[in-house]
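Below you'll find the structure, written out as structure tokens, and then a few comments.
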Amino acid sequence: MALRELSSLEKFLGLKKPNKYSTQGGQKVPVLQNNNGPALIGLVTIASHLIREAKRPELLGDSAEQRAVVQQWLEHRIIRLDNCSKEEINIILKDLNRYLKDKVYLAGNVFTLADILMYYGIHHIVVELAVQEKERYLNVTRWFDHIQHYPGVRHHLPPVVVLRNRIYPSGRH
């Protein structure tokens, strides 16, 4: 999964020459063999490298506070979301829903790498949600739908249908 995410991120960033990736270990941790130095290991490490390579530092955050928030969500993706149990999914969705109550993006009002990688990581969960569950996690659903329609993000993933007449109050869309 992480290899497809990195490939999609490369396309989103407009990187012309695709990198060659491999994986290591039982959890298939991505590895990028860098010609200019040692191998880069891990989804977040490689994704951050691609952002810098594409000269898009704003995706890592514009201020020290934003960079810390982006890093926090990237760690959250790897530590809590990846390989979470079915029992943990509702807790993760509830926490994320509460966090997104007054935010457009994970770092406030700015689209960042955190939104991209959290979207990729949570896609398989949102696909399985029933309409009632999407309504229960209204802020997650709103954020998810916004990110899936952000230009160039959803390369390798199928769209998830969000019934706007049930999710969004009338007159807003």
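Residue numbering restarts at 1 for every chain of the structure tokens, chains are lettered A, B, ... in their displayed order, and ligands are numbered from 1 as they appear.
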Give me every strand (DSSP E or B) residue in chain A, going by DSSP on the backbone, as a PyMOL selection string. chain A and resi 21-24+29-32+40-41+105+108
Identify, on the basis of only C-alpha atoms, every residue whose closest approach to range 39-44 of chain A does not exceed 7 Å; exclude the query and any residue fewer than 2 positions from it along the same chain; express the result as a list in words. Ala2, Val29, Pro30, Val31, Leu32, Gln33, Asn34, Gly37, Ile46, Ala47, Ser48 and Leu74 of chain A
Using only C-alpha atoms, which residues sit within 10 Å of Lys16 in chain A once same-chain residues fewer than 5 positions away are excluded, as a list in words?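 Once the adjacent positions are removed, what remains is Glu10, Lys11 and Ala54 of chain A.
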Residues as selected, C-alpha atoms, written as a short mmCIF file (atom, residue, chain, number, x, y, z; two decimals), in the first residue's frame, can you do that?
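Once everything was written out, this is out_8.cif:
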```cif
data_model
loop_
_atom_site.label_atom_id
_atom_site.label_comp_id
_atom_site.auth_asym_id
_atom_site.auth_seq_id
_atom_site.Cartn_x
_atom_site.Cartn_y
_atom_site.Cartn_z
CA GLU A 10 5.10 11.71 -6.83
CA LYS A 11 2.38 12.28 -9.45
CA ALA A 54 9.60 18.92 -5.55
#
```
For Thr112 in chain A, work out the shell of residues within 12 Å, counting only C-alpha atoms and skipping chain neighbours fewer than 5 positions away, then give it as an MDAnalysis selection string. chainID A and resid 9 13 47:48 51 56:62 66:71 73:74 104:107 117:119 147 150 153
Could you write out that same residue set with N, CA and C atoms as a PDB file, in the first residue's frame?
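That gives us part.pdb:
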```pdb
ATOM      1  N   LEU A   9       1.852  10.224  -4.613  1.00  0.00           N
ATOM      2  CA  LEU A   9       2.410  11.484  -4.126  1.00  0.00           C
ATOM      3  C   LEU A   9       3.367  12.078  -5.156  1.00  0.00           C
ATOM      4  N   LEU A  13       2.886  15.706  -6.898  1.00  0.00           N
ATOM      5  CA  LEU A  13       3.939  16.721  -6.825  1.00  0.00           C
ATOM      6  C   LEU A  13       4.508  17.089  -8.193  1.00  0.00           C
ATOM      7  N   ALA A  47       8.244  10.439   2.042  1.00  0.00           N
ATOM      8  CA  ALA A  47       7.278  11.458   1.606  1.00  0.00           C
ATOM      9  C   ALA A  47       7.830  12.860   1.850  1.00  0.00           C
ATOM     10  N   SER A  48       8.438  13.083   2.996  1.00  0.00           N
ATOM     11  CA  SER A  48       9.034  14.393   3.303  1.00  0.00           C
ATOM     12  C   SER A  48      10.166  14.706   2.329  1.00  0.00           C
ATOM     13  N   ILE A  51       8.670  15.826  -0.957  1.00  0.00           N
ATOM     14  CA  ILE A  51       8.174  17.203  -0.842  1.00  0.00           C
ATOM     15  C   ILE A  51       9.331  18.187  -1.069  1.00  0.00           C
ATOM     16  N   ARG A  56       8.322  21.950  -2.613  1.00  0.00           N
ATOM     17  CA  ARG A  56       6.981  22.301  -2.119  1.00  0.00           C
ATOM     18  C   ARG A  56       6.971  22.300  -0.586  1.00  0.00           C
ATOM     19  N   PRO A  57       7.863  23.073   0.047  1.00  0.00           N
ATOM     20  CA  PRO A  57       7.985  23.041   1.510  1.00  0.00           C
ATOM     21  C   PRO A  57       6.707  23.451   2.246  1.00  0.00           C
ATOM     22  N   GLU A  58       5.835  24.188   1.598  1.00  0.00           N
ATOM     23  CA  GLU A  58       4.573  24.590   2.248  1.00  0.00           C
ATOM     24  C   GLU A  58       3.726  23.388   2.626  1.00  0.00           C
ATOM     25  N   LEU A  59       3.930  22.252   1.956  1.00  0.00           N
ATOM     26  CA  LEU A  59       3.178  21.042   2.291  1.00  0.00           C
ATOM     27  C   LEU A  59       3.633  20.422   3.614  1.00  0.00           C
ATOM     28  N   LEU A  60       4.760  20.885   4.130  1.00  0.00           N
ATOM     29  CA  LEU A  60       5.238  20.431   5.442  1.00  0.00           C
ATOM     30  C   LEU A  60       4.875  21.434   6.537  1.00  0.00           C
ATOM     31  N   GLY A  61       4.278  22.568   6.131  1.00  0.00           N
ATOM     32  CA  GLY A  61       3.870  23.605   7.080  1.00  0.00           C
ATOM     33  C   GLY A  61       4.684  24.861   6.892  1.00  0.00           C
ATOM     34  N   ASP A  62       4.033  26.016   7.025  1.00  0.00           N
ATOM     35  CA  ASP A  62       4.698  27.303   6.808  1.00  0.00           C
ATOM     36  C   ASP A  62       5.330  27.875   8.070  1.00  0.00           C
ATOM     37  N   GLN A  66       2.797  24.995  12.568  1.00  0.00           N
ATOM     38  CA  GLN A  66       2.193  24.163  11.520  1.00  0.00           C
ATOM     39  C   GLN A  66       3.033  22.930  11.235  1.00  0.00           C
ATOM     40  N   ARG A  67       4.356  23.104  11.178  1.00  0.00           N
ATOM     41  CA  ARG A  67       5.237  21.951  10.930  1.00  0.00           C
ATOM     42  C   ARG A  67       5.092  20.917  12.042  1.00  0.00           C
ATOM     43  N   ALA A  68       4.932  21.382  13.275  1.00  0.00           N
ATOM     44  CA  ALA A  68       4.741  20.458  14.401  1.00  0.00           C
ATOM     45  C   ALA A  68       3.411  19.724  14.280  1.00  0.00           C
ATOM     46  N   VAL A  69       2.360  20.434  13.882  1.00  0.00           N
ATOM     47  CA  VAL A  69       1.035  19.806  13.710  1.00  0.00           C
ATOM     48  C   VAL A  69       1.093  18.782  12.578  1.00  0.00           C
ATOM     49  N   VAL A  70       1.729  19.131  11.478  1.00  0.00           N
ATOM     50  CA  VAL A  70       1.870  18.193  10.356  1.00  0.00           C
ATOM     51  C   VAL A  70       2.620  16.952  10.823  1.00  0.00           C
ATOM     52  N   GLN A  71       3.724  17.138  11.522  1.00  0.00           N
ATOM     53  CA  GLN A  71       4.513  16.002  12.018  1.00  0.00           C
ATOM     54  C   GLN A  71       3.687  15.141  12.971  1.00  0.00           C
ATOM     55  N   TRP A  73       0.441  14.652  12.940  1.00  0.00           N
ATOM     56  CA  TRP A  73      -0.516  13.837  12.189  1.00  0.00           C
ATOM     57  C   TRP A  73       0.173  12.746  11.384  1.00  0.00           C
ATOM     58  N   LEU A  74       1.378  13.017  10.915  1.00  0.00           N
ATOM     59  CA  LEU A  74       2.121  11.981  10.202  1.00  0.00           C
ATOM     60  C   LEU A  74       2.482  10.840  11.159  1.00  0.00           C
ATOM     61  N   VAL A 104     -10.722  22.989   8.380  1.00  0.00           N
ATOM     62  CA  VAL A 104     -10.887  22.531   7.006  1.00  0.00           C
ATOM     63  C   VAL A 104      -9.892  21.408   6.717  1.00  0.00           C
ATOM     64  N   TYR A 105      -8.664  21.618   7.196  1.00  0.00           N
ATOM     65  CA  TYR A 105      -7.585  20.660   6.987  1.00  0.00           C
ATOM     66  C   TYR A 105      -6.986  20.285   8.341  1.00  0.00           C
ATOM     67  N   LEU A 106      -6.146  19.279   8.361  1.00  0.00           N
ATOM     68  CA  LEU A 106      -5.554  18.819   9.615  1.00  0.00           C
ATOM     69  C   LEU A 106      -4.653  19.872  10.259  1.00  0.00           C
ATOM     70  N   ALA A 107      -4.012  20.708   9.440  1.00  0.00           N
ATOM     71  CA  ALA A 107      -3.157  21.775   9.979  1.00  0.00           C
ATOM     72  C   ALA A 107      -3.906  23.107   9.984  1.00  0.00           C
ATOM     73  N   LEU A 117      -1.466  12.008   3.418  1.00  0.00           N
ATOM     74  CA  LEU A 117      -1.163  10.677   3.961  1.00  0.00           C
ATOM     75  C   LEU A 117      -2.254  10.159   4.887  1.00  0.00           C
ATOM     76  N   MET A 118      -2.926  11.047   5.619  1.00  0.00           N
ATOM     77  CA  MET A 118      -4.063  10.586   6.435  1.00  0.00           C
ATOM     78  C   MET A 118      -5.209  10.141   5.523  1.00  0.00           C
ATOM     79  N   TYR A 119      -5.440  10.856   4.444  1.00  0.00           N
ATOM     80  CA  TYR A 119      -6.472  10.448   3.475  1.00  0.00           C
ATOM     81  C   TYR A 119      -6.149   9.057   2.921  1.00  0.00           C
ATOM     82  N   ILE A 147     -10.806  16.257   0.607  1.00  0.00           N
ATOM     83  CA  ILE A 147      -9.471  15.801   0.202  1.00  0.00           C
ATOM     84  C   ILE A 147      -9.551  14.914  -1.039  1.00  0.00           C
ATOM     85  N   TYR A 150      -9.589  17.052  -3.954  1.00  0.00           N
ATOM     86  CA  TYR A 150      -8.478  17.985  -4.126  1.00  0.00           C
ATOM     87  C   TYR A 150      -7.712  17.544  -5.374  1.00  0.00           C
ATOM     88  N   VAL A 153      -4.878  14.344  -5.917  1.00  0.00           N
ATOM     89  CA  VAL A 153      -4.590  13.529  -4.726  1.00  0.00           C
ATOM     90  C   VAL A 153      -4.982  12.073  -4.912  1.00  0.00           C
TER      91      VAL A 153
END
```
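Between CA of Thr23 in chain A and CA of Tyr120 in chain A lies a distance of 18.0 Å.
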Hey, which of A:His49, A:Asn139, A:Leu157, A:Gln27 ends up closest to Arg4 in chain A? Count only C-alpha atoms.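 Residue with the minimum atom-to-atom distance to Arg4 in chain A: A:Leu157.
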Could you pull out all residues of range 30-171 of chain A with a DSSP call of alpha helix (DSSP H) and give them as JSON, numbers by chain? {"A": [43, 44, 45, 46, 47, 48, 49, 50, 51, 52, 53, 64, 65, 66, 67, 68, 69, 70, 71, 72, 73, 74, 75, 76, 86, 87, 88, 89, 90, 91, 92, 93, 94, 95, 96, 97, 98, 99, 113, 114, 115, 116, 117, 118, 119, 120, 121, 122, 123, 124, 125, 126, 127, 128, 131, 132, 133, 134, 135, 136, 138, 139, 140, 141, 142, 143, 144, 145, 146, 147, 148, 164, 165, 166, 167]}
Using only C-alpha atoms, which residue out of A:Asp95, A:Glu5, A:Asp145, A:Glu65 lies closest to Val127 in chain A?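 Closest to Val127 in chain A of all the choices is A:Asp145.
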State, in Å with one decimal place, the distance from CA of His123 in chain A to CA of Gln24 in chain A.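 It comes out at 23.5 Å.
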What separation in Å, quoted to one decimal, exists between CA of Arg154 in chain A and CA of Ser7 in chain A? 11.2 Å
